[in-house]
Amino acid sequence: MRYRYVRFILLFILGGFAYSVVGQAVPNSLDSLEQYLRIHMPTDSDYVRALDRTARKLLFERADYARADSLLGRSEPLDRTIGRWPGLSGAYNVRSTRYHLTAEPKLVLLNVQKAVQVIEEYNLSRSDLYAYLGNVAMAQGKLGQWEPMMQTALRAIRLQEQYQLKRRYSNTYTAVADALKNRGRPQQALSYAQEALVIDQQRPRQPNFS
């Protein structure tokens, strides 16, 4: 199976976190963020943004999964309390990435599906929905859920085409290709695999997190 696991992480960083552009009050470095969380009360969106940013840095800079998970557990109810729905969907997607990094595909799927549910319930960013659906498809494929994977990926492709979203991800086409190949339909699979290759060739070169 040709899953691009690194692409899952890139989708998390690039595809679905536009909401987290941080205000001047929230610092950037991990040490400063930790200090910020110690001295501020959890009363506003800046504090929750700081939780999210700290969790992401703990995941990618220190691989401190337990601490990141703890912070995300704090941010989710706060997002609900203040009605920060893009933040809530993003927190679920961060948590899905945390479980992706520790190879726990059932928990990946559970959390990224929650992210999709929040986006749909509150009519949030279609670009985020498109990116997260690609992550759902990848998690379904990891679990051998071929038909759900194909349907999810096809839904993502239709969404991108319907709303003419500028950024396209090859993983949705790869997912369909893998599902068709698994069902013994190699010729149909080839067209999707070729389209995935075209998308990859057209994308700017990105950092390698492997």
# chains A, B, ... in the order shown; residues from 1 in each chain; ligands from 1
$ residues_around --residues "A:Val108" --least-positions-apart "4" --cutoff "9 Å" --atoms "only C-alpha atoms" --output "mmCIF file with C-alpha atoms, in the first residue's frame"
data_model
loop_
_atom_site.group_PDB
_atom_site.id
_atom_site.type_symbol
_atom_site.label_atom_id
_atom_site.label_comp_id
_atom_site.auth_asym_id
_atom_site.auth_seq_id
_atom_site.Cartn_x
_atom_site.Cartn_y
_atom_site.Cartn_z
ATOM 1 C CA ASN A 93 -7.044 17.035 14.147
ATOM 2 C CA ARG A 95 -4.890 14.795 18.464
ATOM 3 C CA SER A 96 -5.358 12.565 15.418
ATOM 4 C CA THR A 97 -1.850 13.525 14.328
ATOM 5 C CA ARG A 98 -0.551 12.675 17.785
ATOM 6 C CA TYR A 99 -1.956 9.149 17.414
ATOM 7 C CA HIS A 100 -0.673 8.935 13.860
ATOM 8 C CA ALA A 103 0.889 4.313 15.112
ATOM 9 C CA GLU A 104 -2.578 4.048 16.679
ATOM 10 C CA VAL A 112 -10.148 13.122 12.689
ATOM 11 C CA GLN A 113 -13.777 12.059 12.250
ATOM 12 C CA ASN A 135 -6.859 12.247 6.612
ATOM 13 C CA VAL A 136 -10.002 10.213 7.319
ATOM 14 C CA ALA A 139 -6.810 6.296 8.454
#
$ closest_atom_pairs --of "stretch 131-162 of chain A" --to "stretch 181-196 of chain A" --cutoff "12 Å" --atoms "only C-alpha atoms" --output "Markdown table"
| residue | atom | partner | partner_atom | distance |
| --- | --- | --- | --- | --- |
| A:Gly141 | CA | A:Asn182 | CA | 10.7 |
| A:Gly144 | CA | A:Asn182 | CA | 9.9 |
| A:Gln145 | CA | A:Asn182 | CA | 10.8 |
| A:Trp146 | CA | A:Asn182 | CA | 7.7 |
| A:Glu147 | CA | A:Arg183 | CA | 9.2 |
| A:Met149 | CA | A:Asn182 | CA | 11.5 |
| A:Met150 | CA | A:Asn182 | CA | 10.7 |
| A:Ala153 | CA | A:Tyr192 | CA | 11.0 |
| A:Leu154 | CA | A:Tyr192 | CA | 10.6 |
| A:Ile157 | CA | A:Tyr192 | CA | 10.9 |
$ write_last_selection --atoms "N, CA and C atoms" --output "compact mmCIF listing (two decimals), in the first residue's frame"
# COMPACT_ATOMS: atom_id res chain seq x y z
N GLY A 141 -7.87 3.53 5.33
CA GLY A 141 -7.03 2.61 4.58
C GLY A 141 -6.07 1.85 5.47
N GLY A 144 -7.67 -1.05 6.77
CA GLY A 144 -8.18 -1.99 5.79
C GLY A 144 -9.63 -1.77 5.43
N GLN A 145 -10.14 -0.58 5.68
CA GLN A 145 -11.54 -0.26 5.37
C GLN A 145 -11.62 0.30 3.94
N TRP A 146 -11.51 -0.58 2.96
CA TRP A 146 -11.32 -0.17 1.58
C TRP A 146 -12.50 0.61 1.02
N GLU A 147 -13.70 0.10 1.20
CA GLU A 147 -14.86 0.79 0.63
C GLU A 147 -15.09 2.14 1.30
N MET A 149 -12.88 3.98 2.72
CA MET A 149 -11.77 4.82 2.28
C MET A 149 -12.05 5.42 0.91
N MET A 150 -12.51 4.59 -0.02
CA MET A 150 -12.75 5.08 -1.37
C MET A 150 -13.87 6.11 -1.38
N ALA A 153 -12.60 9.40 0.12
CA ALA A 153 -11.69 10.08 -0.80
C ALA A 153 -12.45 10.68 -1.98
N LEU A 154 -13.42 9.94 -2.51
CA LEU A 154 -14.23 10.47 -3.61
C LEU A 154 -15.04 11.69 -3.16
N ILE A 157 -12.68 14.60 -3.20
CA ILE A 157 -12.42 15.05 -4.57
C ILE A 157 -13.59 15.85 -5.10
$ select_by_dssp --residues "stretch 103-136 of chain A" --states "helix (DSSP H, G or I)" --output "PyMOL selection string"
chain A and resi 105-121+126-136
$ write_last_selection --atoms "C-alpha atoms" --output "CSV table (one decimal), in the first residue's frame"
chain,number,residue,atom,x,y,z
A,105,PRO,CA,-4.8,4.1,13.6
A,106,LYS,CA,-8.1,3.5,15.4
A,107,LEU,CA,-7.6,6.6,17.5
A,108,VAL,CA,-6.4,8.5,14.5
A,109,LEU,CA,-9.7,7.8,12.7
A,110,LEU,CA,-11.8,8.5,15.8
A,111,ASN,CA,-10.3,12.0,16.3
A,112,VAL,CA,-10.1,13.1,12.7
A,113,GLN,CA,-13.8,12.1,12.2
A,114,LYS,CA,-14.6,14.3,15.2
A,115,ALA,CA,-12.8,17.1,13.5
A,116,VAL,CA,-14.9,16.6,10.4
A,117,GLN,CA,-18.1,16.5,12.5
A,118,VAL,CA,-17.4,19.8,14.0
A,119,ILE,CA,-16.7,21.4,10.6
A,120,GLU,CA,-19.9,20.1,9.2
A,121,GLU,CA,-22.0,21.0,12.3
A,126,ARG,CA,-14.4,23.9,3.2
A,127,SER,CA,-10.7,23.8,2.7
A,128,ASP,CA,-10.2,22.3,6.2
A,129,LEU,CA,-13.0,19.8,5.5
A,130,TYR,CA,-11.3,18.8,2.3
A,131,ALA,CA,-8.0,18.3,4.0
A,132,TYR,CA,-9.5,16.4,7.0
A,133,LEU,CA,-11.5,14.1,4.7
A,134,GLY,CA,-8.2,13.1,3.1
A,135,ASN,CA,-6.9,12.2,6.6
A,136,VAL,CA,-10.0,10.2,7.3
$ closest_residue --among "A:Leu37, A:Val198, A:Val48, A:Ala177" --to "A:Arg84" --atoms "only C-alpha atoms"
A:Val48
$ closest_residue --among "A:Val176, A:Gln164, A:Leu30, A:Gln35" --to "A:Phe60" --atoms "only C-alpha atoms"
A:Leu30
$ closest_residue --among "A:Leu143, A:Met138, A:Val94, A:Ala63" --to "A:Ser170" --atoms "only C-alpha atoms"
A:Met138
$ atom_distance --atom1 "atom CA of A:Ala156" --atom2 "atom CA of A:Ala175"
10.8 Å
$ decode --residues "stretch 19-60 of chain A" --atoms "N, CA and C atoms" --output "compact mmCIF listing (two decimals), in the first residue's frame"
# COMPACT_ATOMS: atom_id res chain seq x y z
N TYR A 19 -6.96 28.65 11.18
CA TYR A 19 -7.57 29.40 12.26
C TYR A 19 -6.56 29.83 13.31
N SER A 20 -5.39 29.19 13.38
CA SER A 20 -4.51 29.37 14.52
C SER A 20 -3.47 30.46 14.31
N VAL A 21 -3.72 31.41 13.44
CA VAL A 21 -2.84 32.57 13.35
C VAL A 21 -2.94 33.31 14.68
N VAL A 22 -1.83 33.41 15.35
CA VAL A 22 -1.86 33.80 16.75
C VAL A 22 -1.68 35.29 16.92
N GLY A 23 -2.42 35.86 17.86
CA GLY A 23 -2.32 37.27 18.13
C GLY A 23 -1.01 37.64 18.81
N GLN A 24 -0.78 38.93 18.95
CA GLN A 24 0.48 39.40 19.52
C GLN A 24 0.66 38.93 20.96
N ALA A 25 -0.45 38.65 21.66
CA ALA A 25 -0.34 38.30 23.07
C ALA A 25 0.21 36.91 23.28
N VAL A 26 0.19 36.07 22.27
CA VAL A 26 0.60 34.68 22.42
C VAL A 26 2.01 34.51 21.87
N PRO A 27 2.94 34.03 22.68
CA PRO A 27 4.32 33.89 22.22
C PRO A 27 4.49 32.73 21.24
N ASN A 28 5.71 32.60 20.72
CA ASN A 28 5.98 31.60 19.69
C ASN A 28 6.86 30.45 20.17
N SER A 29 7.89 30.75 20.92
CA SER A 29 8.81 29.69 21.33
C SER A 29 8.17 28.80 22.39
N LEU A 30 8.63 27.56 22.46
CA LEU A 30 8.04 26.61 23.40
C LEU A 30 8.23 27.05 24.84
N ASP A 31 9.43 27.52 25.20
CA ASP A 31 9.67 27.95 26.57
C ASP A 31 8.77 29.12 26.95
N SER A 32 8.60 30.06 26.01
CA SER A 32 7.74 31.21 26.28
C SER A 32 6.28 30.80 26.40
N LEU A 33 5.88 29.84 25.59
CA LEU A 33 4.51 29.35 25.67
C LEU A 33 4.24 28.66 27.01
N GLU A 34 5.19 27.85 27.46
CA GLU A 34 5.03 27.18 28.75
C GLU A 34 4.90 28.21 29.87
N GLN A 35 5.70 29.27 29.82
CA GLN A 35 5.61 30.34 30.81
C GLN A 35 4.26 31.05 30.72
N TYR A 36 3.81 31.30 29.51
CA TYR A 36 2.52 31.96 29.30
C TYR A 36 1.39 31.16 29.95
N LEU A 37 1.41 29.85 29.79
CA LEU A 37 0.35 29.00 30.34
C LEU A 37 0.39 28.97 31.86
N ARG A 38 1.56 29.15 32.43
CA ARG A 38 1.67 29.13 33.89
C ARG A 38 1.11 30.39 34.52
N ILE A 39 1.21 31.53 33.85
CA ILE A 39 0.86 32.80 34.50
C ILE A 39 -0.48 33.37 34.05
N HIS A 40 -1.09 32.79 33.01
CA HIS A 40 -2.38 33.30 32.53
C HIS A 40 -3.51 32.36 32.92
N MET A 41 -4.67 32.96 33.10
CA MET A 41 -5.86 32.19 33.42
C MET A 41 -6.56 31.74 32.13
N PRO A 42 -7.19 30.56 32.16
CA PRO A 42 -7.87 30.05 30.95
C PRO A 42 -9.22 30.71 30.75
N THR A 43 -9.19 31.98 30.34
CA THR A 43 -10.43 32.74 30.25
C THR A 43 -10.75 33.24 28.85
N ASP A 44 -9.84 33.09 27.88
CA ASP A 44 -10.13 33.65 26.57
C ASP A 44 -9.48 32.81 25.48
N SER A 45 -9.72 33.23 24.24
CA SER A 45 -9.25 32.46 23.10
C SER A 45 -7.73 32.48 22.98
N ASP A 46 -7.07 33.55 23.47
CA ASP A 46 -5.61 33.59 23.42
C ASP A 46 -5.01 32.44 24.23
N TYR A 47 -5.58 32.17 25.38
CA TYR A 47 -5.08 31.08 26.21
C TYR A 47 -5.25 29.74 25.49
N VAL A 48 -6.40 29.53 24.85
CA VAL A 48 -6.63 28.27 24.15
C VAL A 48 -5.71 28.14 22.95
N ARG A 49 -5.46 29.24 22.25
CA ARG A 49 -4.50 29.22 21.15
C ARG A 49 -3.11 28.83 21.65
N ALA A 50 -2.77 29.35 22.83
CA ALA A 50 -1.47 29.00 23.41
C ALA A 50 -1.40 27.51 23.74
N LEU A 51 -2.49 26.94 24.24
CA LEU A 51 -2.53 25.51 24.50
C LEU A 51 -2.30 24.72 23.21
N ASP A 52 -3.01 25.12 22.15
CA ASP A 52 -2.89 24.42 20.87
C ASP A 52 -1.47 24.52 20.32
N ARG A 53 -0.92 25.72 20.35
CA ARG A 53 0.42 25.91 19.80
C ARG A 53 1.45 25.13 20.61
N THR A 54 1.31 25.14 21.92
CA THR A 54 2.23 24.38 22.77
C THR A 54 2.14 22.89 22.47
N ALA A 55 0.93 22.39 22.32
CA ALA A 55 0.74 20.96 22.02
C ALA A 55 1.42 20.59 20.71
N ARG A 56 1.27 21.43 19.69
CA ARG A 56 1.89 21.13 18.40
C ARG A 56 3.42 21.12 18.51
N LYS A 57 3.95 22.09 19.25
CA LYS A 57 5.41 22.14 19.40
C LYS A 57 5.92 20.94 20.20
N LEU A 58 5.16 20.54 21.21
CA LEU A 58 5.56 19.35 21.97
C LEU A 58 5.57 18.11 21.09
N LEU A 59 4.61 18.03 20.17
CA LEU A 59 4.56 16.88 19.27
C LEU A 59 5.76 16.85 18.34
N PHE A 60 6.04 17.97 17.69
CA PHE A 60 7.00 17.98 16.59
C PHE A 60 8.43 18.33 17.02
